Every structure is written in structure tokens, then in C-alpha cells.
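The data block below is work.pdb; it holds PDB, C-alpha atoms.
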```
ATOM      1  CA  MET M   1     153.584  94.144 137.513  1.00  0.00           C
ATOM      2  CA  SER M   2     156.183  95.577 135.309  1.00  0.00           C
ATOM      3  CA  ARG M   3     155.962  99.007 133.829  1.00  0.00           C
ATOM      4  CA  THR M   4     155.798  97.561 130.263  1.00  0.00           C
ATOM      5  CA  LYS M   5     152.690  95.499 131.064  1.00  0.00           C
ATOM      6  CA  ILE M   6     150.920  98.520 132.590  1.00  0.00           C
ATOM      7  CA  VAL M   7     151.719 100.692 129.572  1.00  0.00           C
ATOM      8  CA  THR M   8     150.501  97.918 127.239  1.00  0.00           C
ATOM      9  CA  ILE M   9     147.215  97.571 129.147  1.00  0.00           C
ATOM     10  CA  VAL M  10     146.656 101.354 129.121  1.00  0.00           C
ATOM     11  CA  VAL M  11     147.359 101.520 125.369  1.00  0.00           C
ATOM     12  CA  VAL M  12     144.965  98.620 124.666  1.00  0.00           C
ATOM     13  CA  ILE M  13     142.214 100.255 126.734  1.00  0.00           C
ATOM     14  CA  ALA M  14     142.780 103.600 124.981  1.00  0.00           C
ATOM     15  CA  VAL M  15     142.600 101.927 121.550  1.00  0.00           C
ATOM     16  CA  LEU M  16     139.356 100.154 122.514  1.00  0.00           C
ATOM     17  CA  ILE M  17     137.802 103.411 123.727  1.00  0.00           C
ATOM     18  CA  ILE M  18     138.867 105.305 120.607  1.00  0.00           C
ATOM     19  CA  GLY M  19     137.611 102.465 118.391  1.00  0.00           C
ATOM     20  CA  GLY M  20     134.273 102.407 120.210  1.00  0.00           C
ATOM     21  CA  VAL M  21     133.838 106.163 119.852  1.00  0.00           C
ATOM     22  CA  TRP M  22     134.711 105.957 116.145  1.00  0.00           C
ATOM     23  CA  TYR M  23     132.245 103.073 115.619  1.00  0.00           C
ATOM     24  CA  PHE M  24     129.334 104.809 117.349  1.00  0.00           C
ATOM     25  CA  LYS M  25     130.049 108.072 115.574  1.00  0.00           C
ATOM     26  CA  HIS M  26     130.011 106.411 112.161  1.00  0.00           C
ATOM     27  CA  SER M  27     127.006 104.194 112.887  1.00  0.00           C
ATOM     28  CA  SER M  28     124.954 107.227 113.985  1.00  0.00           C
ATOM     29  CA  MET M  29     126.016 109.040 110.812  1.00  0.00           C
ATOM     30  CA  ALA M  30     124.856 106.028 108.794  1.00  0.00           C
ATOM     31  CA  MET M  31     121.477 106.084 110.547  1.00  0.00           C
ATOM     32  CA  ASN M  32     121.106 109.812 109.838  1.00  0.00           C
ATOM     33  CA  HIS M  33     122.050 109.141 106.219  1.00  0.00           C
ATOM     34  CA  ASP M  34     119.392 106.393 105.980  1.00  0.00           C
ATOM     35  CA  MET M  35     116.771 108.699 107.437  1.00  0.00           C
ATOM     36  CA  SER M  36     117.620 111.422 104.975  1.00  0.00           C
ATOM     37  CA  MET M  37     117.446 108.874 102.152  1.00  0.00           C
ATOM     38  CA  SER M  38     113.941 107.848 103.230  1.00  0.00           C
ATOM     39  CA  ASP M  39     112.982 111.519 103.332  1.00  0.00           C
ATOM     40  CA  HIS M  40     114.299 111.865  99.798  1.00  0.00           C
ATOM     41  CA  MET M  41     112.359 108.770  98.752  1.00  0.00           C
ATOM     42  CA  SER M  42     109.109 110.128 100.170  1.00  0.00           C
ATOM     43  CA  MET M  43     109.749 113.448  98.448  1.00  0.00           C
ATOM     44  CA  ASP M  44     110.439 111.562  95.230  1.00  0.00           C
ATOM     45  CA  MET M  45     107.135 109.712  95.587  1.00  0.00           C
ATOM     46  CA  ASP M  46     105.266 112.999  96.030  1.00  0.00           C
ATOM     47  CA  GLY M  47     107.142 114.755  93.246  1.00  0.00           C
ATOM     48  CA  MET M  48     107.630 113.921  89.606  1.00  0.00           C
ATOM     49  CA  SER M  49     109.787 110.862  89.040  1.00  0.00           C
ATOM     50  CA  GLY M  50     110.441 109.140  85.730  1.00  0.00           C
ATOM     51  CA  MET M  51     107.478 106.808  86.140  1.00  0.00           C
ATOM     52  CA  ASP M  52     105.153 109.655  87.126  1.00  0.00           C
ATOM     53  CA  MET M  53     106.109 111.657  84.050  1.00  0.00           C
ATOM     54  CA  GLY M  54     105.167 108.699  81.869  1.00  0.00           C
ATOM     55  CA  ALA M  55     101.805 108.436  83.623  1.00  0.00           C
ATOM     56  CA  GLU M  56     101.241 112.182  83.235  1.00  0.00           C
ATOM     57  CA  ALA M  57     102.040 111.983  79.529  1.00  0.00           C
ATOM     58  CA  THR M  58      99.567 109.113  79.144  1.00  0.00           C
ATOM     59  CA  LYS M  59      96.880 111.059  81.019  1.00  0.00           C
ATOM     60  CA  SER M  60      97.354 114.133  78.859  1.00  0.00           C
ATOM     61  CA  ALA M  61      97.008 112.031  75.697  1.00  0.00           C
ATOM     62  CA  MET M  62      93.751 110.424  76.899  1.00  0.00           C
ATOM     63  CA  PRO M  63      90.354 112.134  76.693  1.00  0.00           C
ATOM     64  CA  LYS M  64      89.206 113.986  79.834  1.00  0.00           C
ATOM     65  CA  SER M  65      86.400 111.511  80.572  1.00  0.00           C
ATOM     66  CA  ALA M  66      88.846 108.599  80.707  1.00  0.00           C
ATOM     67  CA  THR M  67      91.242 110.404  83.077  1.00  0.00           C
ATOM     68  CA  ALA M  68      88.668 111.335  85.734  1.00  0.00           C
ATOM     69  CA  GLU M  69      90.083 110.065  88.988  1.00  0.00           C
ATOM     70  CA  PRO M  70      87.749 108.704  91.658  1.00  0.00           C
ATOM     71  CA  ARG M  71      87.162 110.790  94.754  1.00  0.00           C
ATOM     72  CA  VAL M  72      89.402 109.953  97.731  1.00  0.00           C
ATOM     73  CA  LEU M  73      87.424 109.234 100.895  1.00  0.00           C
ATOM     74  CA  TYR M  74      90.403 109.057 103.247  1.00  0.00           C
ATOM     75  CA  TRP M  75      93.985 107.777 103.543  1.00  0.00           C
ATOM     76  CA  HIS M  76      95.163 104.876 105.701  1.00  0.00           C
ATOM     77  CA  ASP M  77      98.280 102.915 106.587  1.00  0.00           C
ATOM     78  CA  PRO M  78      97.963  99.393 105.116  1.00  0.00           C
ATOM     79  CA  MET M  79      99.654  98.004 108.229  1.00  0.00           C
ATOM     80  CA  VAL M  80      97.158  99.821 110.527  1.00  0.00           C
ATOM     81  CA  PRO M  81      94.006 100.030 108.345  1.00  0.00           C
ATOM     82  CA  GLY M  82      91.672 101.069 111.174  1.00  0.00           C
ATOM     83  CA  GLN M  83      93.267 104.514 111.512  1.00  0.00           C
ATOM     84  CA  ARG M  84      92.008 107.088 108.971  1.00  0.00           C
ATOM     85  CA  PHE M  85      93.723 110.313 107.893  1.00  0.00           C
ATOM     86  CA  ASP M  86      92.342 113.392 106.120  1.00  0.00           C
ATOM     87  CA  LYS M  87      95.352 114.048 103.898  1.00  0.00           C
ATOM     88  CA  PRO M  88      98.227 112.108 102.296  1.00  0.00           C
ATOM     89  CA  GLY M  89     101.685 111.930 103.789  1.00  0.00           C
ATOM     90  CA  PRO M  90     103.994 109.614 105.704  1.00  0.00           C
ATOM     91  CA  SER M  91     102.492 107.127 108.128  1.00  0.00           C
ATOM     92  CA  PRO M  92     103.075 107.886 111.824  1.00  0.00           C
ATOM     93  CA  PHE M  93     103.241 104.126 112.486  1.00  0.00           C
ATOM     94  CA  MET M  94     105.506 102.788 109.721  1.00  0.00           C
ATOM     95  CA  ASP M  95     108.126 104.225 107.377  1.00  0.00           C
ATOM     96  CA  MET M  96     105.796 104.320 104.373  1.00  0.00           C
ATOM     97  CA  GLN M  97     103.311 106.568 102.600  1.00  0.00           C
ATOM     98  CA  LEU M  98      99.609 106.524 103.407  1.00  0.00           C
ATOM     99  CA  VAL M  99      97.382 104.811 100.814  1.00  0.00           C
ATOM    100  CA  PRO M 100      94.178 106.433  99.500  1.00  0.00           C
ATOM    101  CA  VAL M 101      90.783 104.749  99.786  1.00  0.00           C
ATOM    102  CA  TYR M 102      88.524 105.777  96.906  1.00  0.00           C
ATOM    103  CA  ALA M 103      84.770 106.347  96.895  1.00  0.00           C
ATOM    104  CA  ASP M 104      84.140 103.714  94.223  1.00  0.00           C
ATOM    105  CA  ALA M 105      86.062 101.002  96.117  1.00  0.00           C
ATOM    106  CA  SER M 106      84.147  97.809  96.831  1.00  0.00           C
ATOM    107  CA  GLY M 107      82.414  97.472 100.182  1.00  0.00           C
ATOM    108  CA  SER M 108      84.484  94.543 101.418  1.00  0.00           C
ATOM    109  CA  SER M 109      87.534  95.674 103.325  1.00  0.00           C
ATOM    110  CA  SER M 110      89.410  92.388 102.940  1.00  0.00           C
ATOM    111  CA  GLY M 111      89.227  92.240  99.147  1.00  0.00           C
ATOM    112  CA  VAL M 112      88.067  88.609  99.292  1.00  0.00           C
ATOM    113  CA  SER M 113      84.545  87.699  98.289  1.00  0.00           C
ATOM    114  CA  ILE M 114      82.887  84.298  98.462  1.00  0.00           C
ATOM    115  CA  ALA M 115      80.056  83.452  96.102  1.00  0.00           C
ATOM    116  CA  PRO M 116      76.703  82.813  97.829  1.00  0.00           C
ATOM    117  CA  GLU M 117      76.579  79.276  96.365  1.00  0.00           C
ATOM    118  CA  THR M 118      79.935  78.479  97.950  1.00  0.00           C
ATOM    119  CA  GLN M 119      78.798  79.921 101.274  1.00  0.00           C
ATOM    120  CA  GLN M 120      75.692  77.723 101.097  1.00  0.00           C
ATOM    121  CA  ASN M 121      77.809  74.632 100.342  1.00  0.00           C
ATOM    122  CA  LEU M 122      80.015  75.339 103.363  1.00  0.00           C
ATOM    123  CA  GLY M 123      76.992  75.296 105.638  1.00  0.00           C
TER     124      GLY M 123
END
```
Could you write out this structure as C-alpha cells?
Amino acid sequence: MSRTKIVTIVVVIAVLIIGGVWYFKHSSMAMNHDMSMSDHMSMDMDGMSGMDMGAEATKSAMPKSATAEPRVLYWHDPMVPGQRFDKPGPSPFMDMQLVPVYADASGSSSGVSIAPETQQNLG
């Protein structure tokens, strides 16, 4: 092999290595940026955002009896509803907030109810 071909191969390999290092460095920075954005989003959901301020203003304008919120029994992840948590926060299973289950919620967990007449007709 000639010296020119060897130098060309070495340069190509060096460029590929440098390009790979640059790519992985920037893709890991993008993942860290996405994670920090989700942290900011969860903080925004807990804090006062524009929509929350509107809801707060509506609550303050309503009489106290109309603004009474139902008692929270527990929180759960909608994707893993069998697991219950004592306090709100991010789900350990998914990248989402836990959802409250209130004391006055209906007894059916699926949210679907079938009238007794329909059940009788089905057999």
C-alpha cells in the first residue's frame, strides 16, 4: 500500500471517531435537556400557571360552599391503577403526575355502568 492510502484511511477513521464522539456528546446533552424540561413541566403543574390562576380567581369569586373540594382518598398512576400512593407527585412508573381519587367518586373503577335491564337482556 502506498503511503497516501494509509494516511487517507487514518484520517477517515479519525474523522469517524471524532464525529461519533461529537454525536454521542450532543445526544446525551439533548436527553439531559429533555429531562430538565419534564422537571420544569412537573414543577409548572404543581405551581401556578396561567390556567391555574384563572381557576383560582374563579374559586375566590364563588361562595365557600361551592368551592369545597372533595376529600382525596389516595393518588394513583392511571397506567398502573392498582398501585396507591399517600401523596401527590411524579409517578415512579411513567413520566407523568399521579392522579387523585376522591372520596365521592363512584364505586365502579372502570367508569362504565350497564343498566340492570340491559344486563338482563344480555342473559
* **Gap from atom CA of Gln97 of chain M to atom CA of Val112 of chain M - Å, one decimal** => 23.8 Å
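Those residues that approach segment 75-83 of chain M to within 8 Å, counting all atoms listed in the file, are Val72, Leu73, Phe85, Asp86, Lys87, Pro88, Ser91, Phe93, Met94, Met96, Gln97, Leu98, Val99, Pro100 and Val101 of chain M; same-chain residues fewer than 2 positions away are not listed.
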Show me, as JSON, the centre and edge lengths in Å to one decimal of the axis-aligned box that covers every listed atom of segment 113-122 of chain M with 6 Å on each side.
```
{"center_x": 80.1, "center_y": 81.2, "center_z": 99.7, "size_x": 20.9, "size_y": 25.1, "size_z": 19.3}
```
* Can you give me, as a VMD selection string, the residues this file yields under the PyMOL selection byres ((chain M and resi 71) around 8)? => chain M and resid 69 to 70 72 to 73 102 to 104
Using C-alpha atoms, can you write the selected residues to a file as a compact mmCIF listing (two decimals), in the frame of the given file?
```txt
# COMPACT_ATOMS: atom_id res chain seq x y z
CA GLU M 69 90.08 110.06 88.99
CA PRO M 70 87.75 108.70 91.66
CA VAL M 72 89.40 109.95 97.73
CA LEU M 73 87.42 109.23 100.90
CA TYR M 102 88.52 105.78 96.91
CA ALA M 103 84.77 106.35 96.90
CA ASP M 104 84.14 103.71 94.22
```
* Asked: What does the distance from atom CA of Thr8 of chain M to atom CA of Phe24 of chain M come to in Å, to one decimal?
  ->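 Between atom CA of Thr8 of chain M and atom CA of Phe24 of chain M the gap works out to 24.4 Å.
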